[in-house]
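Text of data-v7.txt, listed as compact mmCIF, C-alpha atoms:
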```
# COMPACT_ATOMS: atom_id res chain seq x y z
CA MET K 614 66.49 226.34 -14.33
CA SER K 615 63.20 227.49 -12.83
CA ALA K 616 61.30 225.37 -10.32
CA LEU K 617 58.47 224.81 -12.81
CA ALA K 618 60.83 223.59 -15.53
CA LEU K 619 62.59 221.30 -13.06
CA SER K 620 59.25 219.89 -11.99
CA VAL K 621 58.32 219.14 -15.61
CA LEU K 622 61.70 217.52 -16.28
CA LEU K 623 61.48 215.34 -13.17
CA SER K 624 57.93 214.31 -14.12
CA LEU K 625 59.02 213.27 -17.61
CA VAL K 626 61.99 211.28 -16.28
CA SER K 627 59.69 209.67 -13.72
CA ALA K 628 57.28 208.60 -16.50
CA VAL K 629 60.19 207.12 -18.50
CA ALA K 630 61.38 205.19 -15.41
CA TYR K 631 57.87 203.82 -14.83
CA ALA K 632 57.57 202.87 -18.52
CA THR K 633 60.93 201.08 -18.55
CA GLY K 634 60.06 199.21 -15.38
CA ALA K 635 56.74 198.12 -16.90
CA ILE K 636 58.48 196.83 -20.05
CA LEU K 637 60.87 194.77 -17.92
CA GLN K 638 57.99 193.42 -15.84
CA GLU K 639 56.13 192.33 -18.98
CA ARG K 640 59.21 190.58 -20.36
CA VAL K 641 59.81 188.81 -17.04
CA ALA K 642 56.16 187.71 -16.98
CA ALA K 643 56.52 186.30 -20.52
CA ASN K 644 59.74 184.42 -19.63
CA THR K 645 58.62 183.07 -16.23
CA PRO K 646 54.92 182.15 -16.55
CA ASP K 647 55.22 179.69 -13.66
CA ARG K 648 56.00 182.52 -11.19
CA PRO K 649 53.44 185.23 -11.88
CA TYR K 650 53.78 187.22 -8.66
CA ALA K 651 57.38 187.32 -7.41
CA PRO K 652 60.09 185.96 -9.75
CA LEU K 653 62.77 186.65 -7.15
CA HIS K 654 65.46 184.71 -9.05
CA HIS K 655 65.12 186.94 -12.14
CA GLY K 656 67.55 189.86 -12.20
CA ALA K 657 65.41 191.88 -14.63
CA TRP K 658 62.56 191.85 -12.13
CA TRP K 659 64.74 193.47 -9.49
CA ALA K 660 65.77 196.06 -12.07
CA ALA K 661 62.06 196.75 -12.65
CA VAL K 662 61.54 197.15 -8.90
CA VAL K 663 64.39 199.68 -8.74
CA LEU K 664 63.00 201.61 -11.73
CA ASN K 665 59.53 201.76 -10.18
CA GLY K 666 61.03 203.03 -6.93
CA LEU K 667 63.03 205.63 -8.84
CA GLY K 668 59.91 206.76 -10.68
CA ALA K 669 58.03 207.16 -7.41
CA ALA K 670 60.89 209.13 -5.82
CA LEU K 671 61.16 211.46 -8.81
CA HIS K 672 57.40 211.97 -8.78
CA VAL K 673 57.49 213.01 -5.12
CA VAL K 674 60.38 215.44 -5.77
CA ALA K 675 58.52 216.88 -8.77
CA LEU K 676 55.52 217.55 -6.52
CA ALA K 677 57.83 219.45 -4.19
CA TYR K 678 58.87 221.82 -7.01
CA GLY K 679 55.69 222.08 -9.07
CA PRO K 680 51.91 222.23 -8.66
CA LEU K 681 49.84 219.07 -8.38
CA SER K 682 47.69 220.13 -11.35
CA LEU K 683 50.77 219.94 -13.62
CA VAL K 684 52.74 217.02 -12.17
CA GLN K 685 49.88 214.53 -11.89
CA PRO K 686 48.72 214.78 -15.54
CA LEU K 687 52.32 214.36 -16.75
CA GLY K 688 52.39 211.00 -14.97
CA ALA K 689 49.78 209.82 -17.47
CA LEU K 690 52.46 209.92 -20.17
CA THR K 691 53.84 206.61 -18.86
CA ILE K 692 51.68 204.54 -21.19
CA VAL K 693 52.44 206.85 -24.14
CA PHE K 694 56.18 206.44 -23.57
CA ALA K 695 55.94 202.69 -22.98
CA LEU K 696 54.50 201.71 -26.37
CA PRO K 697 57.24 203.16 -28.63
CA MET K 698 59.93 202.12 -26.14
CA ALA K 699 58.66 198.52 -26.22
CA ALA K 700 58.64 198.55 -30.03
CA LEU K 701 62.15 200.00 -30.14
CA PHE K 702 63.93 197.94 -27.49
CA VAL K 703 62.11 194.57 -27.35
CA GLY K 704 60.32 194.46 -30.71
CA ARG K 705 56.84 194.44 -29.13
CA ARG K 706 54.76 196.56 -31.51
CA ALA K 707 51.28 197.79 -30.64
CA GLY K 708 48.40 197.92 -33.10
CA ARG K 709 46.31 200.93 -33.98
CA THR K 710 43.60 199.98 -31.51
CA ALA K 711 46.13 199.82 -28.69
CA TRP K 712 47.50 203.23 -29.65
CA ARG K 713 44.02 204.76 -29.74
CA GLY K 714 43.18 203.23 -26.39
CA ALA K 715 46.45 204.41 -24.82
CA ILE K 716 46.01 207.96 -26.08
CA MET K 717 42.38 208.10 -24.97
CA ALA K 718 43.28 206.82 -21.51
CA SER K 719 46.12 209.33 -21.17
CA VAL K 720 44.08 212.31 -22.39
CA GLY K 721 41.13 211.41 -20.18
CA LEU K 722 43.35 210.96 -17.13
CA ALA K 723 45.24 214.20 -17.81
CA GLY K 724 41.97 216.12 -18.11
CA LEU K 725 40.60 214.59 -14.94
CA LEU K 726 43.68 215.42 -12.89
CA ALA K 727 44.03 218.90 -14.37
CA LEU K 728 40.49 219.73 -13.23
CA THR K 729 41.11 218.59 -9.66
CA SER K 730 42.16 221.44 -7.39
CA GLY K 731 44.20 220.86 -4.27
CA SER K 732 43.23 221.96 -0.80
CA ASP K 733 45.11 222.95 2.29
CA ALA K 734 47.21 220.24 3.88
CA ARG K 735 44.91 217.99 5.86
CA THR K 736 45.36 214.63 7.51
CA LEU K 737 43.20 211.65 8.38
CA GLY K 738 42.27 210.62 11.90
CA GLY K 739 42.91 207.18 13.32
CA GLU K 740 39.39 205.89 12.64
CA GLU K 741 39.41 207.26 9.12
CA ARG K 742 42.74 205.59 8.39
CA LEU K 743 41.51 202.27 9.77
CA ALA K 744 38.28 202.42 7.74
CA LEU K 745 40.17 203.39 4.58
CA ALA K 746 42.70 200.59 5.02
CA ALA K 747 39.95 198.01 5.63
CA ALA K 748 37.94 199.17 2.60
CA THR K 749 41.04 199.12 0.41
CA LEU K 750 42.13 195.63 1.46
CA GLY K 751 38.57 194.39 0.99
CA GLY K 752 38.26 195.90 -2.49
CA VAL K 753 41.67 194.63 -3.58
CA GLY K 754 40.77 191.17 -2.26
CA VAL K 755 37.50 191.13 -4.22
CA LEU K 756 39.27 192.12 -7.44
CA PHE K 757 41.93 189.45 -6.84
CA LEU K 758 39.33 186.72 -6.28
CA ALA K 759 37.37 187.83 -9.35
CA ALA K 760 40.55 187.62 -11.41
CA GLN K 761 41.05 184.02 -10.31
CA LEU K 762 37.58 183.07 -11.53
CA VAL K 763 37.95 184.66 -14.99
CA GLY K 764 39.12 182.41 -17.80
CA ARG K 765 40.26 185.06 -20.29
CA PRO K 766 43.80 186.31 -19.69
CA ALA K 767 43.02 189.86 -20.87
CA VAL K 768 40.11 190.31 -18.44
CA ARG K 769 42.08 188.69 -15.62
CA SER K 770 44.95 191.07 -16.35
CA VAL K 771 42.74 194.16 -16.18
CA LEU K 772 41.25 193.03 -12.85
CA LEU K 773 44.68 192.42 -11.34
CA ALA K 774 45.95 195.73 -12.70
CA ALA K 775 42.92 197.54 -11.24
CA ALA K 776 43.68 195.95 -7.86
CA ALA K 777 47.31 197.06 -8.16
CA GLY K 778 46.29 200.60 -9.11
CA ALA K 779 43.93 200.81 -6.14
CA ALA K 780 46.67 199.62 -3.80
CA PHE K 781 49.13 202.18 -5.19
CA GLY K 782 46.57 204.99 -5.02
CA ILE K 783 45.67 204.41 -1.39
CA ALA K 784 49.36 204.01 -0.55
CA SER K 785 49.82 207.52 -1.95
CA VAL K 786 46.99 208.77 0.27
CA PHE K 787 48.62 207.30 3.37
CA THR K 788 51.97 208.73 2.29
CA LYS K 789 50.39 212.18 2.16
CA THR K 790 48.94 211.82 5.65
CA VAL K 791 52.27 210.64 7.04
CA THR K 792 54.21 213.52 5.49
CA VAL K 793 51.70 216.04 6.84
CA ASP K 794 51.80 214.62 10.39
CA TRP K 795 55.52 213.77 10.47
CA ALA K 796 56.59 217.08 12.03
CA SER K 797 53.97 216.98 14.82
CA ASP K 798 53.89 213.26 15.67
CA THR K 799 56.61 210.91 16.82
CA PRO K 800 57.65 208.10 14.44
CA SER K 801 56.06 205.49 16.70
CA VAL K 802 52.65 207.10 16.18
CA GLN K 803 53.09 206.81 12.41
CA LEU K 804 54.17 203.16 12.58
CA PRO K 805 50.71 201.66 11.73
CA SER K 806 50.42 203.97 8.71
CA LEU K 807 53.94 203.06 7.58
CA LEU K 808 53.05 199.36 7.83
CA ILE K 809 49.91 199.94 5.75
CA ILE K 810 51.98 201.80 3.13
CA ALA K 811 54.46 198.92 2.97
CA VAL K 812 51.71 196.29 2.62
CA LEU K 813 49.90 198.23 -0.10
CA ALA K 814 53.09 199.06 -2.01
CA ILE K 815 54.37 195.46 -1.98
CA GLY K 816 50.92 194.07 -2.77
CA GLY K 817 50.52 196.51 -5.67
CA LEU K 818 53.92 195.54 -7.05
CA LEU K 819 53.12 191.80 -6.94
CA LEU K 820 49.66 192.31 -8.44
CA SER K 821 51.01 194.47 -11.24
CA GLN K 822 53.63 191.84 -12.02
CA ALA K 823 50.94 189.16 -12.25
CA SER K 824 48.79 191.38 -14.48
CA TYR K 825 51.37 191.20 -17.29
CA ARG K 826 51.18 187.40 -17.57
CA GLY K 827 49.70 186.52 -20.95
CA ALA K 828 48.19 189.97 -21.49
CA GLY K 829 50.88 192.05 -23.15
CA LEU K 830 52.00 195.49 -22.04
CA ALA K 831 49.45 198.14 -22.99
CA ALA K 832 46.26 197.04 -21.19
CA PRO K 833 47.78 196.31 -17.73
CA LEU K 834 49.98 199.40 -17.74
CA ALA K 835 47.15 201.69 -18.85
CA THR K 836 44.86 200.25 -16.19
CA VAL K 837 47.39 200.84 -13.40
CA THR K 838 48.22 204.31 -14.75
CA VAL K 839 44.55 205.35 -14.76
CA VAL K 840 43.22 203.61 -11.64
CA ASN K 841 46.07 204.77 -9.37
CA PRO K 842 45.47 208.56 -9.59
CA VAL K 843 41.72 208.18 -10.00
CA VAL K 844 41.47 206.30 -6.69
CA ALA K 845 43.73 208.85 -5.00
CA ALA K 846 41.70 211.73 -6.45
CA THR K 847 38.45 210.11 -5.30
CA VAL K 848 39.75 209.87 -1.75
CA GLY K 849 40.97 213.46 -2.00
CA LEU K 850 37.52 214.64 -3.08
CA THR K 851 35.71 212.74 -0.36
CA LEU K 852 38.09 212.90 2.61
CA PHE K 853 40.52 215.77 2.00
CA GLY K 854 38.01 218.37 0.86
CA GLU K 855 39.39 218.67 -2.65
CA GLN K 856 37.08 219.72 -5.46
CA PHE K 857 36.97 220.21 -9.21
CA ARG K 858 37.89 223.52 -10.73
CA TYR K 859 35.28 225.81 -12.36
CA GLY K 860 32.33 224.55 -10.32
CA VAL K 861 29.59 222.67 -12.16
CA LEU K 862 31.30 223.05 -15.54
CA GLY K 863 34.50 221.57 -14.16
CA THR K 864 32.57 218.67 -12.67
CA VAL K 865 30.92 217.93 -16.01
CA LEU K 866 34.26 218.15 -17.83
CA ALA K 867 35.85 215.87 -15.24
CA LEU K 868 33.12 213.28 -15.70
CA GLY K 869 33.63 213.49 -19.47
CA SER K 870 37.36 212.99 -18.99
CA GLY K 871 36.63 209.93 -16.87
CA VAL K 872 34.45 208.51 -19.64
CA VAL K 873 37.23 209.08 -22.19
CA ALA K 874 39.76 207.33 -19.95
CA ALA K 875 37.38 204.41 -19.39
CA GLY K 876 36.80 204.15 -23.14
CA GLY K 877 40.55 203.94 -23.68
CA LEU K 878 40.80 201.08 -21.20
CA ILE K 879 37.93 199.28 -22.92
CA LEU K 880 39.67 199.67 -26.29
CA LEU K 881 42.89 198.23 -24.87
CA THR K 882 41.04 195.29 -23.33
CA THR K 883 39.06 194.45 -26.47
CA GLU K 884 42.23 194.77 -28.58
CA ARG K 885 43.93 192.21 -26.35
CA LEU K 886 40.91 189.91 -26.43
CA GLY K 887 40.94 190.02 -30.24
CA ALA K 888 44.65 189.21 -30.29
CA SER K 889 44.09 186.28 -27.92
CA ARG K 890 41.34 184.85 -30.11
CA ALA K 891 43.47 185.24 -33.23
CA GLY K 892 46.44 183.50 -31.64
CA GLY K 893 44.53 180.95 -29.60
CA PRO K 894 44.64 177.22 -30.02
CA GLY K 895 43.30 175.84 -33.21
CA THR K 896 43.81 179.03 -35.19
CA SER K 897 47.32 178.51 -36.43
CA ALA K 898 47.87 179.66 -39.98
CA ALA K 899 50.28 176.85 -40.89
CA PRO K 900 49.47 173.18 -40.36
CA SER K 901 51.56 171.25 -37.93
CA ALA K 902 54.25 168.85 -39.01
CA SER K 903 52.26 165.84 -37.86
CA SER K 904 49.17 166.87 -39.83
CA ALA K 905 51.30 167.53 -42.91
CA ALA K 906 52.93 164.15 -42.56
CA SER K 907 49.60 162.44 -42.16
CA GLY K 908 48.33 164.24 -45.24
CA ARG K 909 51.29 162.97 -47.26
CA LEU K 910 50.70 159.45 -46.01
CA GLY K 911 47.04 159.68 -46.88
CA ARG K 912 47.84 160.78 -50.42
CA ALA K 913 50.34 157.94 -50.82
CA ASP K 914 47.76 155.37 -49.76
CA ARG K 915 45.14 156.56 -52.20
CA PRO K 916 45.24 155.12 -55.75
CA GLY K 917 46.10 157.62 -58.45
CA PRO K 918 44.39 158.15 -61.80
CA ALA K 919 43.72 154.96 -63.68
CA LYS K 920 45.51 153.99 -66.89
CA ALA K 921 44.40 151.47 -69.47
CA HIS K 922 46.88 148.59 -70.03
CA PRO K 923 46.50 146.22 -72.91
CA GLY K 924 45.48 142.75 -71.84
CA PRO K 925 47.13 139.51 -72.91
CA ALA K 926 46.92 138.34 -76.51
CA GLY K 927 43.54 137.01 -77.33
CA ALA K 928 42.03 138.39 -74.17
CA GLY K 929 39.96 140.73 -76.23
CA GLY K 930 40.18 143.74 -73.98
CA SER K 931 42.27 145.64 -71.54
CA THR K 932 42.65 145.78 -67.82
CA VAL K 933 42.78 148.91 -65.71
CA ALA K 934 45.68 149.50 -63.31
CA PRO K 935 46.68 152.51 -61.26
CA ALA K 936 49.09 154.90 -62.97
CA SER K 937 52.64 154.88 -61.71
CA ASP K 938 55.95 155.85 -63.23
CA ALA K 939 58.02 153.94 -60.70
CA PRO K 940 58.86 150.26 -61.14
CA SER K 941 56.46 147.86 -59.53
CA GLU K 942 57.41 146.46 -56.14
CA PRO K 943 55.74 143.88 -53.94
CA ASP K 944 52.88 145.46 -52.07
CA ALA K 945 52.07 144.25 -48.60
CA ARG K 946 48.52 145.54 -48.91
CA GLY K 947 47.46 142.71 -51.16
CA PRO K 948 45.74 142.98 -54.52
CA GLN K 949 43.74 146.11 -55.26
CA ILE K 950 40.69 146.60 -57.42
CA GLY K 951 41.57 146.68 -61.10
CA GLU K 952 45.15 145.54 -60.57
CA ARG K 953 46.69 142.88 -62.93
CA ILE K 954 47.76 139.73 -61.16
CA ASP K 955 49.86 137.01 -62.83
CA VAL K 956 48.39 133.68 -61.66
CA GLY K 957 50.10 131.38 -64.20
CA PRO K 958 48.34 128.91 -66.56
CA VAL K 959 44.61 128.82 -66.16
CA VAL K 960 43.24 125.30 -65.54
CA ARG K 961 39.64 124.96 -66.68
CA PRO K 962 37.60 122.42 -64.68
CA ARG K 963 36.31 119.44 -66.75
CA THR K 964 32.66 118.62 -67.12
CA HIS K 965 31.11 115.21 -66.20
CA LEU K 966 30.87 114.15 -69.87
CA GLU K 967 34.55 114.88 -70.50
CA MET K 968 35.50 112.86 -67.46
CA GLU K 969 33.45 109.84 -68.63
CA MET K 970 34.90 109.93 -72.17
CA ARG K 971 38.43 110.10 -70.79
CA SER K 972 37.69 107.11 -68.57
CA ARG K 973 36.51 105.05 -71.52
CA THR K 974 39.58 106.01 -73.55
CA VAL K 975 41.89 104.86 -70.79
CA THR K 976 39.93 101.62 -70.39
CA GLY K 977 40.09 100.85 -74.11
CA ARG K 978 43.88 101.44 -74.18
CA SER K 979 44.37 99.10 -71.27
```
For this file, write the structure as structure tokens.
Amino acid sequence: MSALALSVLLSLVSAVAYATGAILQERVAANTPDRPYAPLHHGAWWAAVVLNGLGAALHVVALAYGPLSLVQPLGALTIVFALPMAALFVGRRAGRTAWRGAIMASVGLAGLLALTSGSDARTLGGEERLALAAATLGGVGVLFLAAQLVGRPAVRSVLLAAAAGAAFGIASVFTKTVTVDWASDTPSVQLPSLLIIAVLAIGGLLLSQASYRGAGLAAPLATVTVVNPVVAATVGLTLFGEQFRYGVLGTVLALGSGVVAAGGLILLTTERLGASRAGGPGTSAAPSASSAASGRLGRADRPGPAKAHPGPAGAGGSTVAPASDAPSEPDARGPQIGERIDVGPVVRPRTHLEMEMRSRTVTGRS
């Protein structure tokens, strides 16, 4: 197998490992909403950590065998692999909008990375490393605080995923500087950079885990997949002397690719916002059991259609009573309007004249 073919194979396996790890992270986030950052007790989370580490290792080995312009764009396939894998293994299907957003983000990212040309191996000085680390921690902190102030889960997820992607991207930059200087410097000199790499890698992992809480799979994963290499490429363009291929035309095409990738992320975010509104409180398609029960009780308490019942002989009319096929039972509600009530013999009050005539009759008899 040629070195180029091996590089492509390792890149594809790396993307599959990243996608599988992301699916596990999303499932863990759905099952443990009370521990959004580090569900240490969950075995699936540790499996996701191992898969992410495996994906990173395979990506580094692929870079050793193939050119950066080929390996980096293949990493964008992570989101494309993740959607069908999630539908196949965990039954989490993505809609058409999510698919369009994922493909747009992947194509835009692949075009952006393909247009970035590498430069000769260069490292960062001590002051540059310190300034870059401070700027990264400040930016990640701002995104984290903004995510805490946002009420919508989808927007909060994208902010946390962007913070995770920035942390991963700058960790890659520091990894490059360490590997370049490793042969000339002693390990003790590289210790501050190694500590920064560890902090950024662990912070990115925790932030990416939190980004899956209540936001699904596609939007957080696409955000991390796009922001990570874009941040690294930006640092490469500004600090490592890298540039876009084909001069001005390449720069214009790269900007267009960035717009396409950003549009894909916007599609994924709006798709998740629409799903949240459709499944939010108060929008359930079926009524709850309590409301159904109360509706049945309300119908039972309301009188039904009226029927005409013949009145007593000589009454000269009829009375109206509610229709019912069941036998009558005592009703604790008391008499209702139009209901027949048996009150026994009717005693008509006597007038004053009748009372006086009766008194005279009794007196005459006595």
task = Report the distance between atom CA of Gly738 of chain K and atom CA of Gln856 of chain K in Å, rounded to one decimal place.
result =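 For atom CA of Gly738 of chain K relative to atom CA of Gln856 of chain K, the distance reads 20.3 Å.
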task = In Å, rounded to a single decimal, give me how far atom CA of Glu639 of chain K is from atom CA of Lys789 of chain K.
result =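 Interatomic distance here is 29.6 Å.
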Tell me, as a PDB file with C-alpha atoms, keeping the file's coordinate frame, which residues lie within 6 Å of Gly778 of chain K, counting only C-alpha atoms; anything in the same chain fewer than 5 positions away does not count.
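out-v2.pdb was written with the following content:
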```pdb
ATOM      1  CA  VAL K 837      47.390 200.840 -13.400  1.00  0.00           C
ATOM      2  CA  VAL K 840      43.220 203.610 -11.640  1.00  0.00           C
ATOM      3  CA  ASN K 841      46.070 204.770  -9.370  1.00  0.00           C
TER       4      ASN K 841
END
```
query = Mind pulling up the distance from atom CA of Leu773 of chain K to atom CA of Val755 of chain K?
reply = 10.2 Å
key: Ile692 of chain K environment, 12 Å, all atoms listed in the file, sequence neighbours closer than 3 positions dropped, as a ChimeraX atom specification   = /K:625,628-636,687-689,695-699,707,711-720,722,830-839,877-878,881
request  = Determine, counting all atoms listed in the file, which protein, DNA and RNA residues have an atom within 10 Å of an atom of Ala845 of chain K; residues of the same chain fewer than 6 positions away are not included. Present the result as a list in words.
outcome  =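 Once the adjacent positions are removed, what remains is Gly778, Ala779, Ala780, Phe781, Gly782, Ile783, Ala784, Ser785, Val786 and Phe787 of chain K.
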inquiry  = Between K:Val771, K:Leu623, K:Leu758, K:Val753, which residue has the minimum interatomic distance to His672 of chain K, considering all atoms listed in the file?
reply    = K:Leu623
Applying 8 Å and all atoms listed in the file, which residues near Val641 of chain K remain after dropping the ones on its own chain fewer than 3 positions away? List them as a compact mmCIF listing (two decimals) with C-alpha atoms, in the frame of the given file.
```txt
# COMPACT_ATOMS: atom_id res chain seq x y z
CA LEU K 637 60.87 194.77 -17.92
CA GLN K 638 57.99 193.42 -15.84
CA ASN K 644 59.74 184.42 -19.63
CA THR K 645 58.62 183.07 -16.23
CA PRO K 652 60.09 185.96 -9.75
CA HIS K 655 65.12 186.94 -12.14
CA ALA K 657 65.41 191.88 -14.63
CA TRP K 658 62.56 191.85 -12.13
```
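When all atoms listed in the file are used to compute distances to Ala670 of chain K, the closest of the residues K:Thr729, K:Ser627, K:Ser821, K:Thr710 turns out to be K:Ser627.
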ask   = Out of K:Ala811, K:Asp647, K:Gly656, K:Ala675, which residue has the shortest atom-to-atom distance to Ala618 of chain K when counting only C-alpha atoms?
value =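 With only C-alpha atoms as the atom set, the closest residue is K:Ala675.
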message = Counting all atoms listed in the file, which residue out of K:Ala723, K:Val693, K:Ala775, K:Ala616 sits closest to Val873 of chain K?
response =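 Selected residue with least distance to Val873 of chain K: K:Ala723.
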task = Would you please work out which residue, of K:Leu772, K:Leu807, K:Leu728, K:Arg709, is nearest to Leu862 of chain K when using all atoms listed in the file?
result =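 Residue with the minimum atom-to-atom distance to Leu862 of chain K: K:Leu728.
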ask   = Smallest atom-to-atom distance to Arg742 of chain K: which of K:Gly721, K:Pro686, K:Pro766, K:Pro805, using all atoms listed in the file?
value = K:Pro805
